[in-house]
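What follows is a short report on a single structure.
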Amino acid sequence: MYKHFENQEILKRWGEESEAKIAPVIRAIEGRVDEHQWRLLAAYRQAGVSEAHLVASTGYGYDDMGREALESIMAEVFGAEAALCRPHMVSGTHAIASCLFGVLRPGGELLYITGTPYDTLEQVIGEKADGSGSLADFGIRYRAIPLTPSGEVDWQGVREVVSPSTQCIAIQRSRGYAERASFTIDQIEAMVEESRRICPHAVIFVDNCYGEFVEKWEPTHVGADLIAGSLIKNPGGGLAKSGGYIAGKREWVDRAAARLVAPGILAEGGATHGYLRDYYQGFFLAPHVVGEALKGAVYAAAILEAAGFISTPRWFEARTDIIQLIRFGKPEPLIAFCQGIQGASPVDAHVKPEPSAMPGYGDPVIMAAGTFVQGASIELSADGPLRPPYLAYMQGGLTYSHVKIGILTALDLMLHQQQHSTTQFIRERR
Ligand SMILES: *Cc1c(COP(=O)(O)O)cnc(C)c1O
């Protein structure tokens with residue numbers, strides 16, 4: 001495939017060296033996929049899934065056996081008591097907001113112990129009573145405890161602020177648009193234990209976006225009360241057209257359902273229209289698709305390192321999500337990188353992304369997303385806010401080959417742009 005690129009010699013060398021180096025990491029990812037596939041298959045068999053589960057319900061959606069079985073499968077696979085897995089959640093942000101509004105009450109406080117949460121949650125949390133419908137508008141206070149310089153939870157800081165009104169302690173697994181590392185399940189387990197010790201009455205919520213099926217276990221397996229995520233990320237397996245999920249202890253899932261649907265109706269209502277077949281099939285494929293995305297991220301880490309960029313996690317480091325971060329330091333290569341990824345997309349390859357304002361995001365963002373499902377970041381995508389240090393977050397990829405082609409296309413474009421002297425660029429990059 002290298003013959004398709006302008007800078008084929010250097011790309012071939014970087015690419016082949018990278019693939020040789022990462023071979024053991026790729027095998028380990030495949031082993032994890034096998035393990036997850038077994039667990040999913042066991043859950044599907046156990047639930048007795050049949051054609052009748054895959055068809056649409058209408059109206060109120062009461063007694064939707066397909067929805068009920070799918071949610072019990074998800075609960076089983078995630079080690080939770082109950083789950084909601086539905087098209088009625090618009091996005092991950094909506095799933096998370098349903099959890100927060102579900103468990104928090106006026107006069108209570110939300111405490112994020114992993115620093116400021118993901119950008120889109122800023123407006124969910126809000127700053128003051130301003131009629132916006134935010135948590136603040138309902139008299140719910142909020143604090144985020146910044147991580148220590150070494151990227152750990154500042155337990156001293158947490159201890160100082162917890163109080164009887166701390167109703168929810170929130171943890172964000174993935175780095176989001178921050179430069180910190182993502183938190184592994186082992187680290188989350190330790191956070192859950194310490195949070196319980198310090199504040200036994202708080203509900204422990206984990207934003208699980210981008211983490212599903214990357215490690216052996218999910219936060220609910222290690223004690224989290226409630227988790228949420230998006231179906232156009234990992235657990236939708238690339239097939240879900242939209243939706244979100246919530247899983248955890250029944251009491252808290254019901255509280256989230258009361259907010260998402262209505263008190264009294266809870267999880268009992270909600271027609272699934274024609275979504276279920278994609279959800280069943282996508283959730284079943286999710287470990288494989290997450291594996292492909294992970295292999296792509298590892299390849300990206302290795303080849304970007306060969307090309308001289310700083311990229312994390314490094315190819316040999318343990319992962320807990322599908323995100324690969326690349327630090328460009330200036331806007332031009334960030335923009336070129338995203339334009340390269342877009343150019344190697346199956347949809348809208350002819351479109352050239354430019355930085356622009358996005359609802360819910362503070363700074364202009366450039367997004368490469370030539371995806372079959374709008375904004376689906378389980379498909380190969382790259383984005384970054386236009387602010388120093390100009391980081392790109394690359395994630396997803398339905399097939400490993402596509403991620404490789406995407407990265408090579410982006411590198412080829414970046415090399416081309418520097419081409420006033422390729423050799424000088426390559427020398428600098430060494
Ligand atoms: C993607 C994401 C969200 C939610 O984003 P949506 O675009 O609303 O699905 C929340 N938190 C994190 C860490 C995320 O990565």
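Here's how to read the names in the structure tokens: chain A, B, ... by the order shown, residue numbers from 1 in each chain, ligand numbers from 1 in the order shown.
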### 10 Å shell around ligand 1 using only C-alpha atoms and all ligand atoms, listed as a PyMOL selection string
chain A and resi 89-97+117-121+171-178+182+206-211+228-233+242-244+321-323+360+375-377
Stretch 167-369 of chain A: which residues are helix (DSSP H, G or I) by DSSP, as a short mmCIF file (atom, residue, chain, number, x, y, z; two decimals) with N, CA and C atoms, in the first residue's frame?
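See states_25.cif below for the written result:
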```cif
data_model
loop_
_atom_site.label_atom_id
_atom_site.label_comp_id
_atom_site.auth_asym_id
_atom_site.auth_seq_id
_atom_site.Cartn_x
_atom_site.Cartn_y
_atom_site.Cartn_z
N ILE A 185 -8.61 0.86 34.95
CA ILE A 185 -9.59 0.26 35.85
C ILE A 185 -8.98 0.04 37.24
N ASP A 186 -7.72 -0.36 37.31
CA ASP A 186 -7.07 -0.50 38.62
C ASP A 186 -7.07 0.83 39.37
N GLN A 187 -6.75 1.89 38.66
CA GLN A 187 -6.73 3.22 39.31
C GLN A 187 -8.14 3.63 39.73
N ILE A 188 -9.12 3.32 38.88
CA ILE A 188 -10.50 3.67 39.21
C ILE A 188 -10.96 2.87 40.43
N GLU A 189 -10.55 1.61 40.50
CA GLU A 189 -10.91 0.79 41.65
C GLU A 189 -10.38 1.43 42.95
N ALA A 190 -9.13 1.88 42.89
CA ALA A 190 -8.54 2.52 44.07
C ALA A 190 -9.28 3.82 44.40
N MET A 191 -9.69 4.56 43.36
CA MET A 191 -10.43 5.82 43.59
C MET A 191 -11.78 5.54 44.24
N VAL A 192 -12.43 4.48 43.76
CA VAL A 192 -13.75 4.13 44.31
C VAL A 192 -13.60 3.79 45.79
N GLU A 193 -12.59 2.99 46.11
CA GLU A 193 -12.39 2.58 47.51
C GLU A 193 -12.12 3.78 48.41
N GLU A 194 -11.22 4.65 47.95
CA GLU A 194 -10.86 5.81 48.77
C GLU A 194 -12.05 6.77 48.89
N SER A 195 -12.80 6.95 47.80
CA SER A 195 -13.97 7.84 47.84
C SER A 195 -15.00 7.33 48.84
N ARG A 196 -15.21 6.01 48.86
CA ARG A 196 -16.15 5.41 49.81
C ARG A 196 -15.72 5.66 51.25
N ARG A 197 -14.39 5.54 51.46
CA ARG A 197 -13.87 5.74 52.81
C ARG A 197 -14.12 7.18 53.26
N ILE A 198 -13.81 8.11 52.35
CA ILE A 198 -13.90 9.54 52.70
C ILE A 198 -15.34 10.01 52.76
N PRO A 219 -15.73 -0.04 35.03
CA PRO A 219 -15.78 0.54 36.39
C PRO A 219 -16.85 -0.10 37.28
N THR A 220 -17.96 -0.54 36.67
CA THR A 220 -19.02 -1.18 37.46
C THR A 220 -18.55 -2.51 38.07
N HIS A 221 -17.57 -3.17 37.44
CA HIS A 221 -17.03 -4.41 38.02
C HIS A 221 -16.22 -4.12 39.28
N VAL A 222 -15.72 -2.91 39.41
CA VAL A 222 -14.83 -2.61 40.54
C VAL A 222 -15.47 -1.61 41.50
N ASN A 234 -17.40 3.26 21.56
CA ASN A 234 -17.08 1.82 21.64
C ASN A 234 -18.26 0.84 21.65
N PRO A 235 -19.25 0.99 22.54
CA PRO A 235 -20.19 -0.13 22.71
C PRO A 235 -21.21 -0.28 21.59
N GLY A 236 -21.26 0.68 20.67
CA GLY A 236 -22.16 0.55 19.52
C GLY A 236 -21.52 -0.24 18.39
N ARG A 250 -29.20 -0.78 40.61
CA ARG A 250 -30.58 -0.55 40.14
C ARG A 250 -31.16 0.77 40.64
N GLU A 251 -30.92 1.05 41.92
CA GLU A 251 -31.48 2.28 42.51
C GLU A 251 -31.07 3.53 41.69
N TRP A 252 -29.81 3.57 41.30
CA TRP A 252 -29.31 4.77 40.62
C TRP A 252 -29.66 4.76 39.15
N VAL A 253 -29.73 3.58 38.55
CA VAL A 253 -30.19 3.50 37.16
C VAL A 253 -31.65 3.96 37.08
N ASP A 254 -32.44 3.57 38.09
CA ASP A 254 -33.84 4.02 38.13
C ASP A 254 -33.94 5.54 38.29
N ARG A 255 -33.07 6.10 39.10
CA ARG A 255 -33.07 7.56 39.26
C ARG A 255 -32.73 8.25 37.93
N ALA A 256 -31.76 7.68 37.23
CA ALA A 256 -31.40 8.25 35.92
C ALA A 256 -32.56 8.10 34.94
N ALA A 257 -33.26 6.95 35.02
CA ALA A 257 -34.41 6.72 34.13
C ALA A 257 -35.54 7.70 34.44
N ALA A 258 -35.69 8.04 35.72
CA ALA A 258 -36.74 8.99 36.10
C ALA A 258 -36.48 10.34 35.43
N ARG A 259 -35.22 10.68 35.29
CA ARG A 259 -34.88 11.93 34.63
C ARG A 259 -34.96 11.80 33.10
N LEU A 260 -34.43 10.69 32.61
CA LEU A 260 -34.39 10.48 31.16
C LEU A 260 -35.81 10.32 30.59
N LEU A 266 -40.15 5.29 34.25
CA LEU A 266 -38.79 4.77 34.39
C LEU A 266 -38.37 3.98 33.15
N ALA A 267 -37.78 2.80 33.37
CA ALA A 267 -37.24 2.04 32.25
C ALA A 267 -38.30 1.22 31.53
N GLU A 268 -39.53 1.27 32.02
CA GLU A 268 -40.58 0.40 31.45
C GLU A 268 -41.05 0.87 30.07
N LEU A 276 -33.07 -1.83 17.42
CA LEU A 276 -32.52 -2.93 18.21
C LEU A 276 -31.57 -3.85 17.45
N ARG A 277 -31.88 -4.12 16.19
CA ARG A 277 -31.01 -5.05 15.46
C ARG A 277 -29.58 -4.49 15.41
N ASP A 278 -29.44 -3.21 15.11
CA ASP A 278 -28.11 -2.58 15.10
C ASP A 278 -27.46 -2.64 16.48
N TYR A 279 -28.26 -2.41 17.52
CA TYR A 279 -27.69 -2.41 18.87
C TYR A 279 -27.19 -3.79 19.26
N TYR A 280 -28.01 -4.82 18.97
CA TYR A 280 -27.58 -6.19 19.29
C TYR A 280 -26.33 -6.56 18.51
N GLN A 281 -26.36 -6.26 17.23
CA GLN A 281 -25.24 -6.65 16.38
C GLN A 281 -24.01 -5.80 16.71
N GLY A 282 -24.22 -4.51 16.93
CA GLY A 282 -23.11 -3.62 17.24
C GLY A 282 -22.45 -3.96 18.57
N PHE A 283 -23.26 -4.23 19.59
CA PHE A 283 -22.69 -4.57 20.91
C PHE A 283 -21.91 -5.88 20.81
N PHE A 284 -22.42 -6.81 19.99
CA PHE A 284 -21.73 -8.08 19.79
C PHE A 284 -20.39 -7.87 19.08
N LEU A 285 -20.35 -6.94 18.13
CA LEU A 285 -19.12 -6.64 17.39
C LEU A 285 -18.17 -5.71 18.15
N ALA A 286 -18.68 -5.07 19.18
CA ALA A 286 -17.90 -4.00 19.83
C ALA A 286 -16.49 -4.43 20.26
N PRO A 287 -16.30 -5.60 20.89
CA PRO A 287 -14.93 -5.96 21.28
C PRO A 287 -13.99 -6.02 20.08
N HIS A 288 -14.48 -6.56 18.97
CA HIS A 288 -13.65 -6.65 17.76
C HIS A 288 -13.31 -5.26 17.22
N VAL A 289 -14.34 -4.44 17.12
CA VAL A 289 -14.13 -3.10 16.55
C VAL A 289 -13.21 -2.27 17.47
N VAL A 290 -13.43 -2.39 18.78
CA VAL A 290 -12.54 -1.69 19.72
C VAL A 290 -11.11 -2.22 19.54
N GLY A 291 -10.98 -3.53 19.31
CA GLY A 291 -9.65 -4.12 19.06
C GLY A 291 -9.00 -3.52 17.82
N GLU A 292 -9.78 -3.37 16.74
CA GLU A 292 -9.23 -2.77 15.51
C GLU A 292 -8.77 -1.34 15.78
N ALA A 293 -9.61 -0.58 16.50
CA ALA A 293 -9.26 0.81 16.81
C ALA A 293 -8.00 0.86 17.68
N LEU A 294 -7.90 -0.08 18.62
CA LEU A 294 -6.72 -0.10 19.50
C LEU A 294 -5.46 -0.45 18.72
N LYS A 295 -5.57 -1.41 17.81
CA LYS A 295 -4.40 -1.76 16.99
C LYS A 295 -3.97 -0.53 16.19
N GLY A 296 -4.96 0.18 15.65
CA GLY A 296 -4.66 1.39 14.90
C GLY A 296 -3.98 2.45 15.76
N ALA A 297 -4.45 2.58 17.01
CA ALA A 297 -3.85 3.58 17.91
C ALA A 297 -2.41 3.22 18.24
N VAL A 298 -2.16 1.92 18.41
CA VAL A 298 -0.79 1.48 18.72
C VAL A 298 0.12 1.73 17.51
N TYR A 299 -0.38 1.44 16.32
CA TYR A 299 0.39 1.70 15.09
C TYR A 299 0.67 3.20 14.97
N ALA A 300 -0.37 4.00 15.22
CA ALA A 300 -0.20 5.46 15.14
C ALA A 300 0.87 5.92 16.11
N ALA A 301 0.82 5.38 17.33
CA ALA A 301 1.82 5.78 18.34
C ALA A 301 3.22 5.47 17.85
N ALA A 302 3.39 4.28 17.26
CA ALA A 302 4.73 3.85 16.83
C ALA A 302 5.21 4.67 15.64
N ILE A 303 4.36 4.85 14.65
CA ILE A 303 4.84 5.52 13.43
C ILE A 303 4.99 7.03 13.66
N LEU A 304 4.13 7.61 14.49
CA LEU A 304 4.28 9.03 14.78
C LEU A 304 5.56 9.27 15.58
N GLU A 305 5.89 8.32 16.42
CA GLU A 305 7.15 8.42 17.16
C GLU A 305 8.34 8.31 16.19
N ALA A 306 8.22 7.37 15.24
CA ALA A 306 9.29 7.23 14.24
C ALA A 306 9.44 8.53 13.44
N PRO A 331 -0.45 25.38 15.30
CA PRO A 331 -1.72 25.04 14.65
C PRO A 331 -1.58 24.35 13.29
N GLU A 332 -0.54 24.72 12.48
CA GLU A 332 -0.50 24.22 11.09
C GLU A 332 -0.45 22.70 11.00
N PRO A 333 0.48 22.04 11.71
CA PRO A 333 0.49 20.57 11.56
C PRO A 333 -0.75 19.91 12.14
N LEU A 334 -1.36 20.51 13.16
CA LEU A 334 -2.62 19.97 13.70
C LEU A 334 -3.70 19.99 12.62
N ILE A 335 -3.78 21.13 11.92
CA ILE A 335 -4.78 21.26 10.86
C ILE A 335 -4.47 20.30 9.72
N ALA A 336 -3.19 20.21 9.33
CA ALA A 336 -2.80 19.31 8.24
C ALA A 336 -3.10 17.86 8.60
N PHE A 337 -2.84 17.50 9.84
CA PHE A 337 -3.08 16.11 10.29
C PHE A 337 -4.56 15.78 10.14
N CYS A 338 -5.42 16.66 10.62
CA CYS A 338 -6.86 16.40 10.55
C CYS A 338 -7.33 16.38 9.10
N GLN A 339 -6.76 17.25 8.28
CA GLN A 339 -7.15 17.26 6.87
C GLN A 339 -6.70 15.97 6.18
N GLY A 340 -5.56 15.44 6.60
CA GLY A 340 -5.09 14.17 6.04
C GLY A 340 -6.00 13.02 6.42
N ILE A 341 -6.42 12.96 7.68
CA ILE A 341 -7.33 11.90 8.13
C ILE A 341 -8.66 12.01 7.36
N GLN A 342 -9.13 13.24 7.22
CA GLN A 342 -10.39 13.44 6.49
C GLN A 342 -10.25 12.97 5.04
N GLY A 343 -9.11 13.26 4.44
CA GLY A 343 -8.87 12.89 3.04
C GLY A 343 -8.86 11.38 2.85
#
```
### Message
Please identify the strand (DSSP E) residues within stretch 230-371 of chain A (assignment by DSSP from backbone atoms) and present them as a ChimeraX atom specification.
### Response
/A:230,244-248,310-312,324-327,365-368
Same residues, N, CA, C and O atoms, output as a PDB file, in the first residue's frame:
```
ATOM      1  N   SER A 230     -21.508   6.600  25.339  1.00  0.00           N
ATOM      2  CA  SER A 230     -22.184   6.858  24.064  1.00  0.00           C
ATOM      3  C   SER A 230     -22.193   5.608  23.200  1.00  0.00           C
ATOM      4  O   SER A 230     -21.203   4.872  23.148  1.00  0.00           O
ATOM      5  N   GLY A 244     -27.276   6.162  23.691  1.00  0.00           N
ATOM      6  CA  GLY A 244     -26.350   6.141  24.815  1.00  0.00           C
ATOM      7  C   GLY A 244     -26.716   5.023  25.755  1.00  0.00           C
ATOM      8  O   GLY A 244     -27.725   4.329  25.554  1.00  0.00           O
ATOM      9  N   TYR A 245     -25.876   4.844  26.771  1.00  0.00           N
ATOM     10  CA  TYR A 245     -26.196   3.827  27.764  1.00  0.00           C
ATOM     11  C   TYR A 245     -25.839   4.324  29.156  1.00  0.00           C
ATOM     12  O   TYR A 245     -25.025   5.247  29.325  1.00  0.00           O
ATOM     13  N   ILE A 246     -26.499   3.700  30.121  1.00  0.00           N
ATOM     14  CA  ILE A 246     -26.269   3.971  31.538  1.00  0.00           C
ATOM     15  C   ILE A 246     -26.294   2.593  32.198  1.00  0.00           C
ATOM     16  O   ILE A 246     -27.130   1.764  31.846  1.00  0.00           O
ATOM     17  N   ALA A 247     -25.397   2.340  33.132  1.00  0.00           N
ATOM     18  CA  ALA A 247     -25.416   1.040  33.823  1.00  0.00           C
ATOM     19  C   ALA A 247     -24.977   1.242  35.260  1.00  0.00           C
ATOM     20  O   ALA A 247     -24.249   2.194  35.566  1.00  0.00           O
ATOM     21  N   GLY A 248     -25.426   0.357  36.129  1.00  0.00           N
ATOM     22  CA  GLY A 248     -25.000   0.468  37.526  1.00  0.00           C
ATOM     23  C   GLY A 248     -25.951  -0.208  38.479  1.00  0.00           C
ATOM     24  O   GLY A 248     -26.692  -1.123  38.096  1.00  0.00           O
ATOM     25  N   ILE A 310       5.667  13.774  19.422  1.00  0.00           N
ATOM     26  CA  ILE A 310       5.367  13.311  20.775  1.00  0.00           C
ATOM     27  C   ILE A 310       3.923  12.853  20.779  1.00  0.00           C
ATOM     28  O   ILE A 310       3.010  13.609  20.445  1.00  0.00           O
ATOM     29  N   SER A 311       3.718  11.605  21.122  1.00  0.00           N
ATOM     30  CA  SER A 311       2.378  11.042  21.064  1.00  0.00           C
ATOM     31  C   SER A 311       2.186  10.108  22.257  1.00  0.00           C
ATOM     32  O   SER A 311       3.079   9.337  22.589  1.00  0.00           O
ATOM     33  N   THR A 312       1.045  10.199  22.899  1.00  0.00           N
ATOM     34  CA  THR A 312       0.790   9.332  24.053  1.00  0.00           C
ATOM     35  C   THR A 312      -0.592   8.687  23.959  1.00  0.00           C
ATOM     36  O   THR A 312      -1.480   9.291  23.375  1.00  0.00           O
ATOM     37  N   GLN A 324      -5.629   8.318  21.023  1.00  0.00           N
ATOM     38  CA  GLN A 324      -4.207   8.574  20.834  1.00  0.00           C
ATOM     39  C   GLN A 324      -4.020  10.085  20.759  1.00  0.00           C
ATOM     40  O   GLN A 324      -4.682  10.752  19.966  1.00  0.00           O
ATOM     41  N   LEU A 325      -3.162  10.584  21.592  1.00  0.00           N
ATOM     42  CA  LEU A 325      -2.958  12.027  21.624  1.00  0.00           C
ATOM     43  C   LEU A 325      -1.648  12.374  20.925  1.00  0.00           C
ATOM     44  O   LEU A 325      -0.640  11.703  21.122  1.00  0.00           O
ATOM     45  N   ILE A 326      -1.685  13.412  20.106  1.00  0.00           N
ATOM     46  CA  ILE A 326      -0.469  13.856  19.426  1.00  0.00           C
ATOM     47  C   ILE A 326      -0.302  15.334  19.721  1.00  0.00           C
ATOM     48  O   ILE A 326      -1.245  16.118  19.613  1.00  0.00           O
ATOM     49  N   ARG A 327       0.921  15.695  20.099  1.00  0.00           N
ATOM     50  CA  ARG A 327       1.193  17.072  20.490  1.00  0.00           C
ATOM     51  C   ARG A 327       1.921  17.746  19.335  1.00  0.00           C
ATOM     52  O   ARG A 327       3.039  17.355  18.987  1.00  0.00           O
ATOM     53  N   VAL A 365     -12.757  24.281  17.219  1.00  0.00           N
ATOM     54  CA  VAL A 365     -12.301  22.891  17.162  1.00  0.00           C
ATOM     55  C   VAL A 365     -12.155  22.509  15.704  1.00  0.00           C
ATOM     56  O   VAL A 365     -12.964  22.917  14.871  1.00  0.00           O
ATOM     57  N   ILE A 366     -11.110  21.742  15.385  1.00  0.00           N
ATOM     58  CA  ILE A 366     -11.041  21.159  14.046  1.00  0.00           C
ATOM     59  C   ILE A 366     -11.352  19.679  14.193  1.00  0.00           C
ATOM     60  O   ILE A 366     -10.855  19.018  15.100  1.00  0.00           O
ATOM     61  N   MET A 367     -12.219  19.190  13.321  1.00  0.00           N
ATOM     62  CA  MET A 367     -12.648  17.804  13.422  1.00  0.00           C
ATOM     63  C   MET A 367     -12.546  17.138  12.063  1.00  0.00           C
ATOM     64  O   MET A 367     -13.081  17.652  11.087  1.00  0.00           O
ATOM     65  N   ALA A 368     -11.882  16.002  12.037  1.00  0.00           N
ATOM     66  CA  ALA A 368     -11.893  15.156  10.853  1.00  0.00           C
ATOM     67  C   ALA A 368     -12.812  14.003  11.172  1.00  0.00           C
ATOM     68  O   ALA A 368     -12.566  13.258  12.112  1.00  0.00           O
TER      69      ALA A 368
END
```
### Task
Please provide the set of residues having any atom within 9 Å of A:Val49, restricted to only C-alpha atoms, with same-chain residues fewer than 6 positions apart removed, written as a VMD selection string.
chain A and resid 66 69 to 70
### Message
Which residue is closest to A:Val203? Choose from A:Asp154, A:Leu100, A:Pro146, A:Gly115 and count only C-alpha atoms.
### Response
A:Leu100
